[in-house]
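Visitor: Got a file for you: structure30.txt, compact mmCIF, C-alpha atoms.
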```
# COMPACT_ATOMS: atom_id res chain seq x y z
CA MET X 1 -8.42 14.53 -21.16
CA PRO X 2 -7.09 11.28 -22.69
CA LEU X 3 -5.62 8.81 -20.17
CA VAL X 4 -3.19 6.19 -21.50
CA CYS X 5 -2.03 3.27 -19.33
CA VAL X 6 1.32 1.66 -20.11
CA CYS X 7 1.51 -1.80 -18.56
CA SER X 8 3.14 -5.21 -18.96
CA PRO X 9 2.61 -8.77 -17.71
CA LYS X 10 6.32 -9.01 -16.77
CA GLY X 11 9.17 -6.80 -15.66
CA GLY X 12 12.34 -5.87 -17.48
CA VAL X 13 10.67 -4.98 -20.77
CA GLY X 14 11.52 -1.26 -20.77
CA LYS X 15 7.97 -0.20 -19.94
CA THR X 16 8.97 2.88 -17.93
CA THR X 17 11.34 4.04 -20.67
CA VAL X 18 8.56 3.63 -23.24
CA THR X 19 6.21 5.63 -20.99
CA ALA X 20 8.67 8.49 -20.58
CA ASN X 21 9.63 8.74 -24.23
CA LEU X 22 6.02 8.50 -25.38
CA ALA X 23 5.21 11.39 -23.04
CA TYR X 24 8.12 13.38 -24.46
CA ALA X 25 6.99 12.68 -28.02
CA LEU X 26 3.46 13.93 -27.37
CA ALA X 27 4.79 17.01 -25.56
CA ARG X 28 7.16 17.78 -28.44
CA ALA X 29 4.17 17.68 -30.78
CA GLY X 30 2.50 20.42 -28.76
CA SER X 31 0.27 18.62 -26.25
CA LYS X 32 0.51 19.34 -22.55
CA VAL X 33 1.44 15.96 -21.02
CA LEU X 34 1.49 14.56 -17.50
CA ALA X 35 3.36 11.32 -16.69
CA ILE X 36 2.09 9.57 -13.54
CA ASP X 37 4.06 6.87 -11.72
CA PHE X 38 2.08 4.11 -9.99
CA ASP X 39 5.16 1.95 -9.38
CA VAL X 40 6.76 1.90 -5.91
CA GLN X 41 10.19 1.77 -7.58
CA ASN X 42 9.65 5.48 -8.26
CA ALA X 43 11.84 5.34 -11.37
CA LEU X 44 9.74 7.31 -13.86
CA ARG X 45 10.87 10.66 -12.40
CA LEU X 46 14.50 9.89 -13.29
CA HIS X 47 13.64 10.12 -16.98
CA PHE X 48 12.55 13.71 -16.46
CA GLY X 49 15.65 15.02 -14.73
CA VAL X 50 14.37 14.75 -11.17
CA PRO X 51 17.40 14.11 -8.92
CA LEU X 52 17.75 10.68 -7.34
CA SER X 53 17.80 12.39 -3.94
CA ASP X 54 14.42 14.09 -4.53
CA GLY X 55 11.86 11.95 -2.73
CA ARG X 56 8.81 14.10 -3.42
CA GLY X 57 5.68 12.33 -4.60
CA TYR X 58 1.97 11.95 -4.11
CA VAL X 59 1.58 8.52 -2.47
CA ALA X 60 2.90 9.45 0.99
CA LYS X 61 0.23 12.18 1.22
CA ALA X 62 -2.47 10.44 -0.82
CA ILE X 63 -4.57 9.38 2.19
CA GLU X 64 -4.70 12.82 3.79
CA SER X 65 -4.73 14.91 0.61
CA ALA X 66 -7.79 14.93 -1.63
CA ASP X 67 -5.90 16.62 -4.48
CA TRP X 68 -2.78 14.87 -5.78
CA SER X 69 -2.08 17.64 -8.30
CA GLN X 70 -0.25 19.49 -5.50
CA SER X 71 2.62 17.03 -5.99
CA VAL X 72 3.01 17.58 -9.75
CA LEU X 73 6.47 18.69 -10.89
CA THR X 74 7.23 20.63 -14.04
CA ALA X 75 9.79 18.86 -16.20
CA GLY X 76 10.20 20.89 -19.39
CA SER X 77 8.24 22.21 -22.35
CA ASN X 78 4.61 21.10 -21.89
CA MET X 79 5.91 18.24 -19.72
CA PHE X 80 4.87 17.40 -16.15
CA VAL X 81 5.50 14.41 -13.89
CA LEU X 82 3.69 13.11 -10.81
CA PRO X 83 6.24 10.92 -9.01
CA TYR X 84 5.28 8.02 -6.76
CA GLY X 85 7.74 9.36 -4.18
CA ASP X 86 9.56 7.82 -1.25
CA VAL X 87 7.17 5.89 0.99
CA THR X 88 7.23 3.56 3.96
CA GLU X 89 5.90 0.04 3.64
CA ASP X 90 2.83 1.02 5.68
CA GLN X 91 2.13 3.94 3.35
CA ARG X 92 2.41 1.71 0.31
CA LEU X 93 0.06 -0.90 1.76
CA GLU X 94 -2.49 1.72 2.83
CA PHE X 95 -2.41 3.28 -0.63
CA GLU X 96 -2.99 -0.07 -2.33
CA GLN X 97 -5.77 -0.98 0.11
CA ARG X 98 -7.56 2.28 -0.65
CA LEU X 99 -7.22 1.67 -4.39
CA THR X 100 -8.75 -1.78 -3.91
CA ASN X 101 -11.50 -0.99 -1.42
CA ASP X 102 -12.54 2.62 -2.10
CA SER X 103 -13.98 3.07 -5.59
CA HIS X 104 -13.86 6.87 -5.25
CA PHE X 105 -10.31 7.15 -3.87
CA LEU X 106 -8.55 7.36 -7.23
CA LEU X 107 -11.12 9.68 -8.79
CA ARG X 108 -10.89 12.10 -5.86
CA GLY X 109 -7.12 12.23 -5.98
CA LEU X 110 -6.91 12.75 -9.73
CA SER X 111 -10.03 14.90 -10.18
CA THR X 112 -8.19 18.18 -10.79
CA LEU X 113 -5.88 16.53 -13.31
CA LEU X 114 -8.60 14.57 -15.09
CA ASN X 115 -10.55 17.78 -15.62
CA TYR X 116 -7.65 19.92 -16.80
CA PRO X 117 -8.45 21.02 -20.40
CA GLY X 118 -6.25 19.49 -23.08
CA LEU X 119 -4.02 17.53 -20.71
CA VAL X 120 -2.82 14.13 -21.93
CA ILE X 121 -2.03 11.72 -19.08
CA ILE X 122 0.37 8.80 -19.51
CA ALA X 123 0.44 6.42 -16.53
CA ASP X 124 3.16 3.86 -15.73
CA PHE X 125 2.40 0.76 -13.64
CA PRO X 126 4.25 -2.06 -11.91
CA PRO X 127 4.56 -5.23 -14.01
CA GLY X 128 1.90 -7.90 -13.68
CA PRO X 129 -1.46 -7.66 -11.90
CA ASN X 130 -1.61 -4.84 -9.34
CA PRO X 131 -4.28 -2.75 -7.57
CA ALA X 132 -3.36 0.50 -9.32
CA LEU X 133 -3.74 -0.95 -12.81
CA LYS X 134 -7.14 -2.41 -12.00
CA ALA X 135 -8.35 0.83 -10.41
CA VAL X 136 -7.12 3.10 -13.22
CA SER X 137 -8.36 0.79 -15.98
CA HIS X 138 -11.93 1.95 -15.39
CA LEU X 139 -10.87 5.53 -16.20
CA ALA X 140 -8.40 4.82 -19.01
CA ASP X 141 -9.06 5.59 -22.65
CA LEU X 142 -6.32 3.32 -23.98
CA HIS X 143 -3.90 0.65 -22.74
CA LEU X 144 -0.48 0.02 -24.24
CA VAL X 145 0.92 -3.39 -23.32
CA THR X 146 4.71 -3.39 -23.60
CA MET X 147 6.39 -6.67 -24.54
CA LEU X 148 9.90 -7.68 -25.55
CA ALA X 149 10.72 -9.41 -28.82
CA ASP X 150 11.56 -12.63 -26.97
CA THR X 151 9.98 -16.00 -26.21
CA ALA X 152 9.20 -15.10 -22.57
CA SER X 153 6.95 -12.23 -23.68
CA LEU X 154 5.47 -14.36 -26.43
CA SER X 155 4.44 -17.01 -23.89
CA LEU X 156 2.49 -14.35 -21.96
CA LEU X 157 0.41 -13.20 -24.91
CA PRO X 158 -2.52 -15.52 -23.99
CA HIS X 159 -2.33 -14.12 -20.45
CA ILE X 160 -3.27 -10.71 -21.85
CA GLU X 161 -5.78 -11.94 -24.41
CA ASN X 162 -7.61 -14.04 -21.80
CA HIS X 163 -8.02 -11.00 -19.52
CA ARG X 164 -5.87 -12.36 -16.71
CA LEU X 165 -3.92 -9.14 -16.11
CA ILE X 166 -6.77 -7.48 -14.19
CA GLY X 167 -9.38 -10.26 -14.25
CA GLU X 168 -11.56 -8.48 -16.83
CA PRO X 169 -11.18 -6.82 -20.24
CA LEU X 170 -8.28 -4.41 -20.07
CA ASN X 171 -10.04 -1.48 -21.72
CA ASN X 172 -13.63 -0.83 -22.74
CA LYS X 173 -13.03 2.47 -24.55
CA ALA X 174 -10.42 2.73 -27.32
CA GLY X 175 -9.16 -0.76 -26.42
CA TYR X 176 -5.70 -2.14 -25.76
CA TYR X 177 -2.74 -2.34 -28.10
CA PHE X 178 0.75 -3.77 -27.99
CA VAL X 179 4.19 -2.21 -28.29
CA LEU X 180 7.07 -4.56 -29.06
CA ASN X 181 10.27 -3.22 -27.52
CA GLN X 182 13.96 -3.89 -28.28
CA SER X 183 13.43 -5.80 -31.49
CA ASP X 184 16.82 -6.86 -32.87
CA ASN X 185 17.05 -7.97 -36.50
CA ARG X 186 20.52 -9.38 -35.89
CA ARG X 187 19.13 -12.11 -33.63
CA HIS X 188 17.10 -14.98 -35.05
CA ILE X 189 14.77 -15.33 -32.05
CA SER X 190 14.05 -11.62 -31.90
CA ARG X 191 13.42 -11.47 -35.63
CA ASP X 192 11.13 -14.51 -35.54
CA VAL X 193 9.15 -13.27 -32.52
CA THR X 194 8.72 -9.86 -34.15
CA ALA X 195 7.41 -11.45 -37.35
CA PHE X 196 5.03 -13.71 -35.38
CA MET X 197 3.70 -10.78 -33.32
CA GLN X 198 3.13 -8.71 -36.45
CA GLN X 199 1.17 -11.54 -38.04
CA ARG X 200 -0.73 -12.53 -34.90
CA LEU X 201 -1.65 -9.05 -33.66
CA GLY X 202 -2.11 -7.15 -36.91
CA ASP X 203 -3.39 -3.63 -36.23
CA ARG X 204 -3.30 -4.29 -32.48
CA LEU X 205 0.50 -4.08 -32.67
CA LEU X 206 0.82 -0.32 -32.49
CA GLY X 207 4.54 -0.28 -33.12
CA VAL X 208 7.92 -1.99 -32.93
CA ILE X 209 10.85 -0.23 -31.23
CA ASN X 210 14.23 -1.32 -32.53
CA ARG X 211 16.96 -2.19 -30.06
CA ASP X 212 19.11 0.93 -29.78
CA GLU X 213 22.01 1.51 -27.38
CA SER X 214 21.30 5.25 -27.41
CA VAL X 215 18.13 4.57 -25.37
CA ALA X 216 20.14 3.27 -22.41
CA GLU X 217 22.60 6.13 -22.80
CA ALA X 218 19.77 8.66 -22.83
CA ASN X 219 18.35 7.09 -19.66
CA ALA X 220 21.72 7.32 -17.95
CA SER X 221 21.92 11.02 -18.77
CA GLN X 222 18.27 11.60 -17.72
CA GLN X 223 17.29 12.81 -21.17
CA SER X 224 14.65 11.83 -23.66
CA ILE X 225 15.80 9.86 -26.68
CA PHE X 226 14.75 12.86 -28.79
CA ASP X 227 17.17 15.19 -27.01
CA PHE X 228 19.99 12.66 -26.75
CA SER X 229 19.87 11.11 -30.21
CA PRO X 230 17.07 12.58 -32.36
CA ALA X 231 18.21 10.71 -35.48
CA SER X 232 18.23 7.29 -33.77
CA ALA X 233 16.05 4.39 -34.87
CA ALA X 234 14.32 4.28 -31.48
CA ALA X 235 13.43 7.99 -31.67
CA PHE X 236 11.80 7.40 -35.05
CA ASP X 237 9.90 4.34 -33.78
CA ILE X 238 8.58 6.05 -30.66
CA GLU X 239 7.51 9.15 -32.55
CA LEU X 240 5.55 6.95 -34.95
CA ILE X 241 3.84 5.21 -32.01
CA SER X 242 2.98 8.59 -30.47
CA LYS X 243 1.30 9.66 -33.72
CA ARG X 244 -0.75 6.47 -33.77
CA VAL X 245 -1.78 7.01 -30.15
CA ALA X 246 -2.80 10.58 -30.97
CA ALA X 247 -4.84 9.38 -33.94
CA LEU X 248 -6.60 6.68 -31.91
CA LEU X 249 -7.57 9.15 -29.19
CA GLY X 250 -8.25 12.15 -31.38
CA ILE X 251 -5.66 14.19 -29.50
CA LYS X 252 -5.61 17.79 -30.69
CA ILE X 253 -2.22 19.45 -30.73
CA GLY X 254 -2.26 22.13 -28.06
CA ASP X 255 -0.32 25.30 -27.40
CA GLY X 256 0.43 24.64 -23.73
CA ALA X 257 2.64 27.03 -21.86
CA VAL X 258 6.34 26.27 -21.91
CA HIS X 259 7.88 25.60 -18.49
CA THR X 260 11.56 25.15 -17.80
CA ALA X 261 12.33 25.04 -14.09
CA LEU X 262 11.67 21.92 -12.05
CA ARG X 263 9.23 22.95 -9.35
CA THR X 264 5.93 22.09 -7.72
CA SER X 265 3.16 23.19 -10.02
CA ASN X 266 -0.56 23.77 -9.74
CA PHE X 267 -0.70 24.24 -13.54
```
Output the file's structure as structure tokens, nothing else.
Guide:
Amino acid sequence: MPLVCVCSPKGGVGKTTVTANLAYALARAGSKVLAIDFDVQNALRLHFGVPLSDGRGYVAKAIESADWSQSVLTAGSNMFVLPYGDVTEDQRLEFEQRLTNDSHFLLRGLSTLLNYPGLVIIADFPPGPNPALKAVSHLADLHLVTMLADTASLSLLPHIENHRLIGEPLNNKAGYYFVLNQSDNRRHISRDVTAFMQQRLGDRLLGVINRDESVAEANASQQSIFDFSPASAAAFDIELISKRVAALLGIKIGDGAVHTALRTSNF
């Protein structure tokens, strides 16, 4: 059961879109994939066709329920999503307090999912330091830090390298790698930042995703980039990143059952 955390030191970098499309890419390759949303914005579900009006999720019931897998939704071929869900402020605060103060809280809630054979889990987090990222980091096999090809992201690189995102090394298993999003060769700053990141990070830069308007259009239509524009530059870039993730984690291509209807699933 590989667990991949997708995080970022700042917002607005397209982290949730990267999470969703990486999950789609791994599912398309044959793995059974679960995308988990740890962000109160509850936006990850929208990438998987869950209606805006659907407020189902695991956080509202997380305190009383010892098994969060009951809130998993099926979202397509080999693809599942565990939405954050609609919550009150008190529910959010209680959830974060439990993540911070109860070292077994997360493991209990995710136990069924963590032990499901062949399941690849991709988790999306709020930007910056947060209780969920710190709690999940102890279970994660790999971290992907999403940055933009701009000077603001570049200035935060030491923040990551000096372990200030969670106050300790981000990952003690396969390590942490970077994804540079929305690189635009037509813009001098973007081109220069991309070149600097490639030189500075070397193999730790897992991939560069070219700026592509079809990504935003795919998001608006609640589709993956692979379904909306399979020949796009971004689709190629994300698929390449997914193959590198699979290689790093030794992910075996599975033959998971194909599901089509959006419903609550116990796998």
Visitor: Select, from X:Ser221, X:Asn130, X:Asn78, X:Gln182, the residue with the minimum atom-to-atom distance to Ile238 in chain X, counting only C-alpha atoms.
Guide: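 That would be X:Gln182, the residue with the smallest distance to Ile238 in chain X.
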Visitor: Excluding range 58-63 of chain X and residues on its chain fewer than 3 positions from it, collect all residues at most 12 Å away from it, counting only C-alpha atoms, and give them as a ChimeraX atom specification.
Guide: /X:36-40,42,55,66-73,81-99,102,105-110,132,264
Visitor: Let me make sure I understand: among X:Ala23, X:Leu114, X:Leu144, X:Ile121, which one has the smallest atom-to-atom distance to Cys7 in chain X if we use only C-alpha atoms?
Guide: X:Leu144
Visitor: One number please: CA of Lys252 in chain X to CA of Pro2 in chain X, in Å, one decimal.
Guide: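 Here the two named atoms are 10.4 Å from each other.
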Visitor: Pick out the closest residue to Tyr24 in chain X from this set: X:Ile225, X:Ile160, X:Val215, X:Ile241. Count all atoms listed in the file.
Guide: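 Result for the nearest residue to Tyr24 in chain X: X:Ile225.
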Visitor: With distances taken over only C-alpha atoms, which of X:Leu180, X:Ala195, X:Ala231, X:Val120 is nearest to Ile209 in chain X?
Guide: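 Using only C-alpha atoms, Ile209 in chain X sits closest to X:Leu180.
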Visitor: Can you list, as a list in words, every protein, DNA or RNA residue that comes within 12 Å of Asp203 in chain X when you count only C-alpha atoms, leaving out same-chain residues fewer than 4 positions away?
Guide: Gly175, Tyr176, Tyr177, Phe178, Val179, Met197, Gln198, Gln199, Gly207, Val208, Arg244 and Leu248 of chain X
Visitor: X:Leu34, X:Ala20, X:Leu52, X:Ala233: which is nearest Asp212 in chain X, counting only C-alpha atoms?
Guide: X:Ala233
Visitor: Tell me which protein, DNA and RNA residues are within 12 Å of range 161-164 of chain X, counting only C-alpha atoms, leaving out same-chain ones fewer than 2 positions away, and put them as a ChimeraX atom specification.
Guide: /X:8-9,128-130,134,145,154-159,166-171,175-178,200-201,204
Visitor: With a distance cut-off of 8 Å and all atoms listed in the file, select the neighbouring residues of Gly14 in chain X, excluding the residue or stretch itself and same-chain residues fewer than 4 positions from it, and output the selection as a list in words.
Guide: Val18, Thr146 and Asn181 of chain X
Visitor: For CA of Lys10 in chain X and CA of Ala75 in chain X, quote the distance in Å rounded to one decimal.
Guide: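 Computing the Euclidean distance for CA of Lys10 in chain X and CA of Ala75 in chain X yields 28.1 Å.
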Visitor: What's the separation between CA of Ala234 in chain X and CA of Glu213 in chain X, in Å to one decimal place?
Guide: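 So the two atoms, CA of Ala234 in chain X and CA of Glu213 in chain X, lie 9.1 Å apart.
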Visitor: Kindly write range 52-65 of chain X with all heavy atoms to a file, as a compact mmCIF listing (two decimals), in the first residue's frame.
Guide:
```txt
# COMPACT_ATOMS: atom_id res chain seq x y z
N LEU X 52 -21.09 19.55 -6.84
CA LEU X 52 -20.79 20.59 -5.86
C LEU X 52 -21.72 20.51 -4.66
O LEU X 52 -21.34 20.83 -3.53
CB LEU X 52 -20.90 21.97 -6.53
CG LEU X 52 -20.50 23.18 -5.71
CD1 LEU X 52 -19.02 23.11 -5.33
CD2 LEU X 52 -20.79 24.47 -6.48
N SER X 53 -22.95 20.06 -4.90
CA SER X 53 -23.96 19.99 -3.84
C SER X 53 -23.80 18.77 -2.92
O SER X 53 -24.47 18.68 -1.90
CB SER X 53 -25.36 19.95 -4.46
OG SER X 53 -25.49 18.84 -5.33
N ASP X 54 -22.91 17.86 -3.29
CA ASP X 54 -22.71 16.63 -2.52
C ASP X 54 -21.71 16.91 -1.40
O ASP X 54 -20.51 17.06 -1.64
CB ASP X 54 -22.20 15.52 -3.43
CG ASP X 54 -22.19 14.15 -2.76
OD1 ASP X 54 -22.14 14.10 -1.52
OD2 ASP X 54 -22.22 13.14 -3.49
N GLY X 55 -22.21 16.97 -0.18
CA GLY X 55 -21.37 17.32 0.96
C GLY X 55 -20.82 16.14 1.74
O GLY X 55 -20.27 16.31 2.83
N ARG X 56 -20.96 14.94 1.19
CA ARG X 56 -20.47 13.76 1.90
C ARG X 56 -18.96 13.80 2.09
O ARG X 56 -18.24 14.33 1.24
CB ARG X 56 -20.85 12.48 1.12
CG ARG X 56 -22.31 12.12 1.18
CD ARG X 56 -22.60 10.87 0.36
NE ARG X 56 -22.41 11.10 -1.07
CZ ARG X 56 -22.49 10.13 -1.99
NH1 ARG X 56 -22.74 8.88 -1.61
NH2 ARG X 56 -22.33 10.42 -3.28
N GLY X 57 -18.50 13.23 3.19
CA GLY X 57 -17.08 13.19 3.48
C GLY X 57 -16.83 12.49 4.80
O GLY X 57 -17.77 12.12 5.51
N TYR X 58 -15.57 12.34 5.13
CA TYR X 58 -15.23 11.55 6.32
C TYR X 58 -14.99 12.38 7.58
O TYR X 58 -15.11 11.87 8.70
CB TYR X 58 -13.97 10.72 6.04
CG TYR X 58 -12.70 11.52 5.90
CD1 TYR X 58 -11.80 11.64 6.96
CD2 TYR X 58 -12.38 12.19 4.71
CE1 TYR X 58 -10.63 12.38 6.84
CE2 TYR X 58 -11.22 12.91 4.58
CZ TYR X 58 -10.35 13.01 5.64
OH TYR X 58 -9.20 13.76 5.52
N VAL X 59 -14.68 13.67 7.44
CA VAL X 59 -14.23 14.45 8.60
C VAL X 59 -15.35 14.67 9.60
O VAL X 59 -15.14 14.58 10.81
CB VAL X 59 -13.62 15.80 8.15
CG1 VAL X 59 -13.33 16.69 9.35
CG2 VAL X 59 -12.35 15.55 7.35
N ALA X 60 -16.57 14.94 9.13
CA ALA X 60 -17.69 15.20 10.03
C ALA X 60 -17.96 14.01 10.94
O ALA X 60 -18.44 14.17 12.08
CB ALA X 60 -18.94 15.56 9.23
N LYS X 61 -17.65 12.79 10.47
CA LYS X 61 -17.91 11.58 11.24
C LYS X 61 -16.62 10.97 11.81
O LYS X 61 -16.67 9.90 12.42
CB LYS X 61 -18.60 10.54 10.36
CG LYS X 61 -19.92 11.00 9.75
CD LYS X 61 -20.47 9.94 8.81
CE LYS X 61 -21.75 10.39 8.14
NZ LYS X 61 -22.26 9.38 7.17
N ALA X 62 -15.50 11.63 11.61
CA ALA X 62 -14.21 11.03 11.94
C ALA X 62 -14.04 10.74 13.42
O ALA X 62 -13.38 9.77 13.81
CB ALA X 62 -13.07 11.95 11.47
N ILE X 63 -14.64 11.57 14.27
CA ILE X 63 -14.48 11.38 15.72
C ILE X 63 -15.26 10.16 16.19
O ILE X 63 -14.77 9.36 17.01
CB ILE X 63 -14.94 12.63 16.49
CG1 ILE X 63 -14.25 13.89 15.94
CG2 ILE X 63 -14.67 12.48 17.99
CD1 ILE X 63 -12.75 13.84 15.96
N GLU X 64 -16.46 10.00 15.68
CA GLU X 64 -17.32 8.89 16.13
C GLU X 64 -17.11 7.60 15.37
O GLU X 64 -17.46 6.52 15.84
CB GLU X 64 -18.80 9.30 16.00
CG GLU X 64 -19.22 9.63 14.58
CD GLU X 64 -20.58 10.29 14.50
OE1 GLU X 64 -20.78 11.33 15.15
OE2 GLU X 64 -21.44 9.75 13.78
N SER X 65 -16.55 7.69 14.16
CA SER X 65 -16.36 6.50 13.33
C SER X 65 -14.90 6.08 13.34
O SER X 65 -14.01 6.89 13.06
CB SER X 65 -16.81 6.78 11.89
OG SER X 65 -16.47 5.69 11.04
```
